[in-house]
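Source file final-v7.txt; content: compact mmCIF, C-alpha atoms and all ligand atoms.
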```txt
# COMPACT_ATOMS: atom_id res chain seq x y z
CA MET A 1 -1.42 18.37 -6.19
CA ALA A 2 -3.35 15.99 -8.38
CA LYS A 3 -5.37 13.18 -6.84
CA MET A 4 -3.80 9.87 -7.77
CA LEU A 5 -6.15 7.50 -5.98
CA GLU A 6 -9.75 8.21 -5.07
CA VAL A 7 -11.80 5.68 -3.15
CA ARG A 8 -15.46 6.54 -2.75
CA ASP A 9 -18.02 4.81 -0.55
CA LEU A 10 -16.35 1.42 -0.97
CA HIS A 11 -18.14 -1.68 0.27
CA VAL A 12 -16.55 -5.13 0.34
CA SER A 13 -17.87 -8.35 1.86
CA TYR A 14 -16.96 -12.00 2.24
CA GLY A 15 -20.31 -13.75 1.89
CA ALA A 16 -22.43 -12.45 4.75
CA ILE A 17 -19.48 -10.73 6.46
CA LYS A 18 -19.31 -7.03 5.65
CA ALA A 19 -15.62 -6.22 5.95
CA ILE A 20 -15.69 -2.69 4.44
CA LYS A 21 -18.84 -0.67 5.03
CA GLY A 22 -18.52 2.45 2.90
CA ILE A 23 -15.09 4.04 3.18
CA SER A 24 -13.74 7.02 1.24
CA PHE A 25 -10.19 8.30 1.06
CA ASP A 26 -7.70 9.94 -1.30
CA VAL A 27 -4.02 9.75 -2.05
CA GLU A 28 -2.42 12.68 -3.84
CA GLU A 29 0.54 12.35 -6.14
CA GLY A 30 3.82 12.27 -4.19
CA GLU A 31 2.26 11.59 -0.80
CA ILE A 32 2.69 8.85 1.74
CA VAL A 33 -0.75 8.09 3.11
CA THR A 34 -1.31 5.49 5.78
CA LEU A 35 -4.35 3.47 6.80
CA ILE A 36 -3.89 2.41 10.39
CA GLY A 37 -6.09 0.11 12.39
CA ALA A 38 -6.18 -2.95 14.58
CA ASN A 39 -6.18 -6.52 13.36
CA GLY A 40 -9.44 -7.16 11.48
CA ALA A 41 -10.19 -3.47 10.81
CA GLY A 42 -10.29 -4.10 7.05
CA LYS A 43 -6.89 -2.84 5.94
CA THR A 44 -5.91 -5.80 3.78
CA THR A 45 -9.40 -6.03 2.33
CA THR A 46 -9.17 -2.39 1.25
CA LEU A 47 -5.85 -2.96 -0.53
CA HIS A 48 -7.18 -6.12 -2.15
CA ALA A 49 -10.22 -4.23 -3.42
CA ILE A 50 -7.97 -1.56 -4.96
CA SER A 51 -5.75 -4.09 -6.72
CA ALA A 52 -8.78 -6.21 -7.71
CA LEU A 53 -7.75 -9.27 -5.73
CA GLN A 54 -11.13 -8.89 -4.04
CA LYS A 55 -14.37 -7.81 -5.68
CA SER A 56 -16.01 -4.59 -4.49
CA ASP A 57 -19.76 -4.70 -3.81
CA ALA A 58 -20.34 -0.97 -4.23
CA GLY A 59 -18.53 2.32 -4.51
CA SER A 60 -15.78 3.40 -6.85
CA ILE A 61 -12.00 3.38 -7.13
CA THR A 62 -10.26 5.82 -9.46
CA PHE A 63 -6.53 5.70 -10.21
CA CYS A 64 -4.90 8.48 -12.24
CA GLY A 65 -8.32 9.55 -13.48
CA LYS A 66 -9.31 6.05 -14.66
CA ASP A 67 -12.14 4.10 -13.09
CA ILE A 68 -10.48 0.83 -12.00
CA THR A 69 -13.35 -0.45 -9.84
CA HIS A 70 -14.04 -3.38 -12.14
CA MET A 71 -10.74 -3.59 -13.98
CA GLU A 72 -8.75 -6.85 -14.00
CA ALA A 73 -5.77 -7.09 -11.65
CA HIS A 74 -3.08 -7.39 -14.37
CA LYS A 75 -4.38 -4.29 -16.14
CA ILE A 76 -4.24 -2.32 -12.90
CA ILE A 77 -0.57 -3.30 -12.47
CA LYS A 78 0.08 -2.04 -15.99
CA LEU A 79 -1.39 1.34 -15.05
CA GLY A 80 1.34 1.66 -12.44
CA LEU A 81 -0.17 0.37 -9.23
CA ALA A 82 1.88 -2.33 -7.46
CA GLN A 83 1.11 -4.15 -4.26
CA VAL A 84 3.54 -5.52 -1.67
CA PRO A 85 1.36 -8.18 -0.05
CA GLU A 86 0.94 -8.91 3.64
CA GLY A 87 3.36 -11.63 4.72
CA ARG A 88 5.65 -10.81 1.76
CA ARG A 89 4.64 -13.82 -0.43
CA VAL A 90 7.90 -14.08 -2.32
CA PHE A 91 8.34 -17.09 -4.62
CA ALA A 92 10.29 -19.26 -2.17
CA GLY A 93 11.66 -21.72 -4.73
CA LEU A 94 12.99 -19.01 -7.05
CA THR A 95 16.16 -16.99 -6.59
CA VAL A 96 16.18 -13.34 -5.61
CA GLN A 97 16.99 -12.42 -9.21
CA GLN A 98 14.12 -14.54 -10.56
CA ASN A 99 11.69 -12.95 -8.09
CA LEU A 100 12.71 -9.52 -9.33
CA GLU A 101 12.27 -10.69 -12.94
CA MET A 102 8.70 -11.72 -12.07
CA GLY A 103 8.10 -8.12 -10.97
CA ALA A 104 9.25 -6.82 -14.36
CA TYR A 105 7.23 -9.43 -16.22
CA THR A 106 4.40 -7.16 -17.40
CA ARG A 107 6.68 -4.42 -18.72
CA VAL A 108 6.86 -3.59 -22.38
CA ASP A 109 9.56 -0.90 -22.25
CA SER A 110 13.15 -1.53 -23.33
CA ALA A 111 15.67 -3.84 -21.66
CA ALA A 112 17.79 -0.76 -20.95
CA GLU A 113 14.93 0.85 -19.00
CA ILE A 114 14.38 -2.35 -17.04
CA GLN A 115 18.11 -2.58 -16.30
CA LYS A 116 18.00 0.96 -14.89
CA ASP A 117 15.40 -0.20 -12.40
CA TYR A 118 17.45 -3.27 -11.39
CA ASP A 119 20.31 -0.89 -10.68
CA LYS A 120 18.02 1.37 -8.64
CA VAL A 121 16.55 -1.54 -6.66
CA PHE A 122 20.03 -2.89 -5.90
CA GLU A 123 21.14 0.57 -4.82
CA TRP A 124 18.19 0.91 -2.44
CA LEU A 125 18.40 -2.69 -1.30
CA PRO A 126 22.08 -3.71 -1.47
CA ARG A 127 21.40 -6.90 0.47
CA LEU A 128 19.40 -8.19 -2.48
CA LYS A 129 22.36 -7.65 -4.76
CA GLU A 130 24.65 -9.68 -2.51
CA ARG A 131 22.06 -12.45 -2.40
CA ARG A 132 20.76 -12.40 -5.93
CA ARG A 133 21.50 -16.06 -6.60
CA GLN A 134 20.10 -17.21 -3.26
CA GLN A 135 16.72 -18.98 -3.05
CA ALA A 136 14.14 -16.53 -1.74
CA GLY A 137 12.78 -19.07 0.76
CA THR A 138 16.14 -19.12 2.56
CA LEU A 139 16.19 -15.33 3.14
CA SER A 140 15.46 -13.87 6.58
CA GLY A 141 12.10 -12.19 7.21
CA GLY A 142 13.56 -8.73 6.72
CA GLU A 143 15.29 -9.73 3.50
CA GLN A 144 12.09 -11.27 2.19
CA GLN A 145 10.29 -8.00 2.93
CA MET A 146 13.00 -6.16 1.01
CA LEU A 147 12.60 -8.59 -1.87
CA ALA A 148 8.82 -8.12 -1.91
CA ILE A 149 9.37 -4.36 -2.12
CA GLY A 150 12.06 -4.78 -4.79
CA ARG A 151 9.81 -7.05 -6.83
CA ALA A 152 6.98 -4.51 -6.73
CA LEU A 153 9.39 -1.73 -7.73
CA MET A 154 10.49 -3.73 -10.76
CA SER A 155 7.03 -3.18 -12.25
CA LYS A 156 7.97 0.54 -12.32
CA PRO A 157 4.95 1.65 -10.29
CA ARG A 158 3.63 5.16 -9.91
CA MET A 159 2.07 4.05 -6.67
CA LEU A 160 3.04 1.37 -4.20
CA LEU A 161 0.53 -0.32 -1.88
CA LEU A 162 2.29 -1.78 1.17
CA ASP A 163 0.48 -4.17 3.50
CA GLU A 164 2.06 -4.21 6.98
CA PRO A 165 5.71 -4.21 5.90
CA SER A 166 6.78 -4.08 9.56
CA MET A 167 5.00 -7.28 10.54
CA GLY A 168 7.21 -9.76 12.40
CA LEU A 169 10.40 -7.72 12.04
CA SER A 170 12.79 -6.53 14.76
CA PRO A 171 12.68 -2.80 15.61
CA LEU A 172 15.97 -2.26 13.83
CA LEU A 173 14.74 -3.88 10.63
CA VAL A 174 11.44 -2.02 10.84
CA LYS A 175 13.44 1.22 10.89
CA GLU A 176 15.44 0.07 7.88
CA ILE A 177 12.30 -0.87 5.91
CA PHE A 178 10.69 2.47 6.69
CA ARG A 179 13.85 4.31 5.65
CA ILE A 180 13.67 2.49 2.31
CA ILE A 181 9.98 3.36 1.89
CA ARG A 182 10.83 7.01 2.49
CA GLU A 183 13.63 6.91 -0.10
CA VAL A 184 11.41 5.23 -2.66
CA ASN A 185 8.78 7.91 -2.05
CA LYS A 186 11.37 10.67 -2.47
CA SER A 187 12.27 9.22 -5.86
CA GLY A 188 8.71 9.97 -6.97
CA VAL A 189 6.68 6.88 -6.09
CA THR A 190 3.42 7.65 -4.26
CA VAL A 191 2.79 5.35 -1.29
CA LEU A 192 -0.30 3.92 0.38
CA LEU A 193 0.87 2.17 3.53
CA VAL A 194 -1.30 -0.07 5.67
CA GLU A 195 -0.03 -0.68 9.19
CA GLN A 196 -0.88 -1.91 12.66
CA ASN A 197 2.37 -0.24 13.74
CA ALA A 198 0.70 3.17 14.04
CA LYS A 199 3.72 4.88 15.56
CA MET A 200 6.05 4.15 12.66
CA ALA A 201 3.33 4.72 10.09
CA LEU A 202 2.33 8.13 11.46
CA ASP A 203 5.97 9.07 11.68
CA ILE A 204 6.58 8.51 7.97
CA ALA A 205 3.20 9.54 6.49
CA ASN A 206 1.86 12.91 5.36
CA ARG A 207 -1.75 12.00 6.07
CA ALA A 208 -3.56 9.15 7.77
CA TYR A 209 -6.93 7.46 8.04
CA VAL A 210 -7.90 5.39 11.07
CA LEU A 211 -9.92 2.30 10.13
CA GLU A 212 -12.19 0.63 12.64
CA THR A 213 -14.40 -2.35 11.78
CA GLY A 214 -14.68 -1.39 8.13
CA LEU A 215 -15.24 2.33 8.62
CA VAL A 216 -13.02 5.42 8.60
CA LYS A 217 -13.12 6.57 12.22
CA MET A 218 -10.74 9.54 11.89
CA GLU A 219 -8.63 11.21 9.25
CA GLY A 220 -6.14 14.02 9.04
CA ASN A 221 -2.60 15.18 8.94
CA ALA A 222 -0.32 12.42 10.33
CA ASP A 223 1.31 14.73 12.89
CA ASP A 224 -2.07 15.89 14.19
CA LEU A 225 -3.32 12.32 14.53
CA ALA A 226 -0.12 11.28 16.32
CA ASN A 227 -0.92 13.97 18.91
CA ASN A 228 -4.63 13.17 19.10
CA ILE A 229 -5.54 11.85 22.52
CA GLU A 230 -7.92 9.14 21.25
CA VAL A 231 -5.36 7.88 18.73
CA ARG A 232 -2.63 7.93 21.36
CA LYS A 233 -4.72 5.86 23.77
CA ALA A 234 -6.02 3.36 21.23
CA TYR A 235 -3.06 2.94 18.89
CA LEU A 236 0.09 4.35 20.45
CA GLY A 237 -0.35 2.99 23.97
CA CYS A 238 0.28 6.31 25.68
N1 LIG B 301 -11.20 -14.55 3.20
C1 LIG B 301 -12.00 -14.09 4.16
N2 LIG B 301 -13.19 -14.70 4.42
C2 LIG B 301 -14.04 -14.22 5.37
N3 LIG B 301 -13.77 -13.15 6.14
C3 LIG B 301 -12.60 -12.52 5.93
C4 LIG B 301 -11.67 -12.95 4.94
N4 LIG B 301 -10.61 -12.12 4.97
C5 LIG B 301 -10.87 -11.22 5.93
N5 LIG B 301 -12.06 -11.45 6.51
C6 LIG B 301 -12.70 -10.65 7.58
O1 LIG B 301 -12.80 -9.32 7.12
C7 LIG B 301 -12.47 -8.41 8.16
C8 LIG B 301 -11.31 -7.53 7.74
O2 LIG B 301 -10.15 -8.32 7.57
P1 LIG B 301 -8.79 -7.73 7.00
O3 LIG B 301 -9.06 -6.89 5.85
O4 LIG B 301 -7.86 -8.88 6.81
O5 LIG B 301 -8.30 -6.84 8.22
P2 LIG B 301 -6.86 -6.25 8.59
O6 LIG B 301 -5.99 -6.37 7.38
O7 LIG B 301 -7.12 -4.84 8.99
O8 LIG B 301 -6.35 -7.07 9.72
C9 LIG B 301 -12.18 -9.26 9.39
O9 LIG B 301 -13.36 -9.33 10.16
C10 LIG B 301 -11.84 -10.61 8.82
O10 LIG B 301 -12.14 -11.63 9.70
MG MG B 302 -4.17 -7.30 7.13
```

What is this file in structure tokens?
Amino acid sequence: MAKMLEVRDLHVSYGAIKAIKGISFDVEEGEIVTLIGANGAGKTTTLHAISALQKSDAGSITFCGKDITHMEAHKIIKLGLAQVPEGRRVFAGLTVQQNLEMGAYTRVDSAAEIQKDYDKVFEWLPRLKERRRQQAGTLSGGEQQMLAIGRALMSKPRMLLLDEPSMGLSPLLVKEIFRIIREVNKSGVTVLLVEQNAKMALDIANRAYVLETGLVKMEGNADDLANNIEVRKAYLGC
């Protein structure tokens, strides 16, 4: 399979704080790859560097064969890379429908193509359809997470970056969100998933990288890592 995302020797810092100290990883087309790690490991920083919300100090990021290391964020979205941010960040004062429209904002294809994606998003996330005139700020946490995913999907991404979609949700909702991620992936969208919830992430992913204080500590097949004794002790609590 073709490499869709290649990150090589990436370094990112906040002033004197070195958050990412030279990490490398790949995502192949069609995969679900997860970056797991404790709070502060550098997961969000990595996603922000990819989507250019944070400047990289060194290293390179290639998406679909294009060097995007120094590309502007809106151009990266146009290439087909969409991020679902940590903590959802929906536009609270706008309706569900308006939030989804914001996701489609950068598209230049036809209204008919965009409509097809609304239909798909509402099929995957029927709760959004029922609530499409509701203000996003009044949705539950799980519904806001669904909206954040739906909004990203409306940009018609080739690859979705998800930052801790399980955060703050009940086990039942976490299951539902992960089921949706799996379905979206099956439809052809490649997924890079960042999670503290290592159990769920390893369950859904093809491959995984373990991040610790800005470095890749381990990498491999998700099933192998889920059975690895060090990973079990540190991240799965067993
Ligand atoms: N805006 C910021 N300013 C300074 N330090 C930051 C900032 N954001 C994150 N950090 C630091 O960078 C490191 C990685 O953080 P982050 O990428 O948010 O980790 P994770 O998402 O894995 O919890 C942490 O040590 C954190 O304190
Ligand atoms: Mg984070």

Given all atoms listed in the file, how would the per-residue table for chain A near ligand LIG 301 (chain B) read, listing every residue at most 6 Å away with its closest atom pair and distance in Å to one decimal, sorted by chain and number, as JSON lines?
```
{"residue": "A:Tyr14", "atom": "CA", "partner": "B:LIG301", "partner_atom": "C2", "distance": 4.8}
{"residue": "A:Ala19", "atom": "CA", "partner": "B:LIG301", "partner_atom": "O1", "distance": 4.4}
{"residue": "A:Ala38", "atom": "CA", "partner": "B:LIG301", "partner_atom": "O7", "distance": 6.0}
{"residue": "A:Asn39", "atom": "CA", "partner": "B:LIG301", "partner_atom": "O8", "distance": 3.7}
{"residue": "A:Gly40", "atom": "CA", "partner": "B:LIG301", "partner_atom": "O5", "distance": 3.5}
{"residue": "A:Ala41", "atom": "CA", "partner": "B:LIG301", "partner_atom": "O7", "distance": 3.8}
{"residue": "A:Gly42", "atom": "CA", "partner": "B:LIG301", "partner_atom": "O3", "distance": 3.3}
{"residue": "A:Lys43", "atom": "CA", "partner": "B:LIG301", "partner_atom": "O7", "distance": 3.7}
{"residue": "A:Thr44", "atom": "CA", "partner": "B:LIG301", "partner_atom": "O6", "distance": 3.6}
{"residue": "A:Thr45", "atom": "CA", "partner": "B:LIG301", "partner_atom": "O3", "distance": 3.6}
```

Around ligand MG 302 (chain B), at most 12 Å away and counting all atoms listed in the file, which residues are there? Put them as JSON, numbers by chain, please. {"A": [19, 35, 36, 37, 38, 39, 40, 41, 42, 43, 44, 45, 46, 47, 48, 84, 85, 86, 87, 88, 162, 163, 164, 165, 166, 167, 193, 194, 195, 196, 197, 211]}

Lys75 of chain A proximity check over A:Gln54, A:Arg107, A:Glu29, A:Gln135, using only C-alpha atoms: winner is A:Arg107

Atom-to-atom span, atom CA of Glu219 of chain A and atom CA of Lys156 of chain A, Å: 29.2 Å

Counting only C-alpha atoms, which residues have an atom no more than 9 Å from (-12.5, 10.6, -9.0) in the file's coordinates? Please list them as a PyMOL selection string. chain A and resi 3-8+60-67

Take the residues just selected and output them with C-alpha atoms as an mmCIF file, keeping the file's coordinate frame.
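Heads up, here's the output in out.cif:
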```cif
data_model
loop_
_atom_site.group_PDB
_atom_site.id
_atom_site.type_symbol
_atom_site.label_atom_id
_atom_site.label_comp_id
_atom_site.auth_asym_id
_atom_site.auth_seq_id
_atom_site.Cartn_x
_atom_site.Cartn_y
_atom_site.Cartn_z
ATOM 1 C CA LYS A 3 -5.370 13.180 -6.840
ATOM 2 C CA MET A 4 -3.800 9.870 -7.770
ATOM 3 C CA LEU A 5 -6.150 7.500 -5.980
ATOM 4 C CA GLU A 6 -9.750 8.210 -5.070
ATOM 5 C CA VAL A 7 -11.800 5.680 -3.150
ATOM 6 C CA ARG A 8 -15.460 6.540 -2.750
ATOM 7 C CA SER A 60 -15.780 3.400 -6.850
ATOM 8 C CA ILE A 61 -12.000 3.380 -7.130
ATOM 9 C CA THR A 62 -10.260 5.820 -9.460
ATOM 10 C CA PHE A 63 -6.530 5.700 -10.210
ATOM 11 C CA CYS A 64 -4.900 8.480 -12.240
ATOM 12 C CA GLY A 65 -8.320 9.550 -13.480
ATOM 13 C CA LYS A 66 -9.310 6.050 -14.660
ATOM 14 C CA ASP A 67 -12.140 4.100 -13.090
#
```
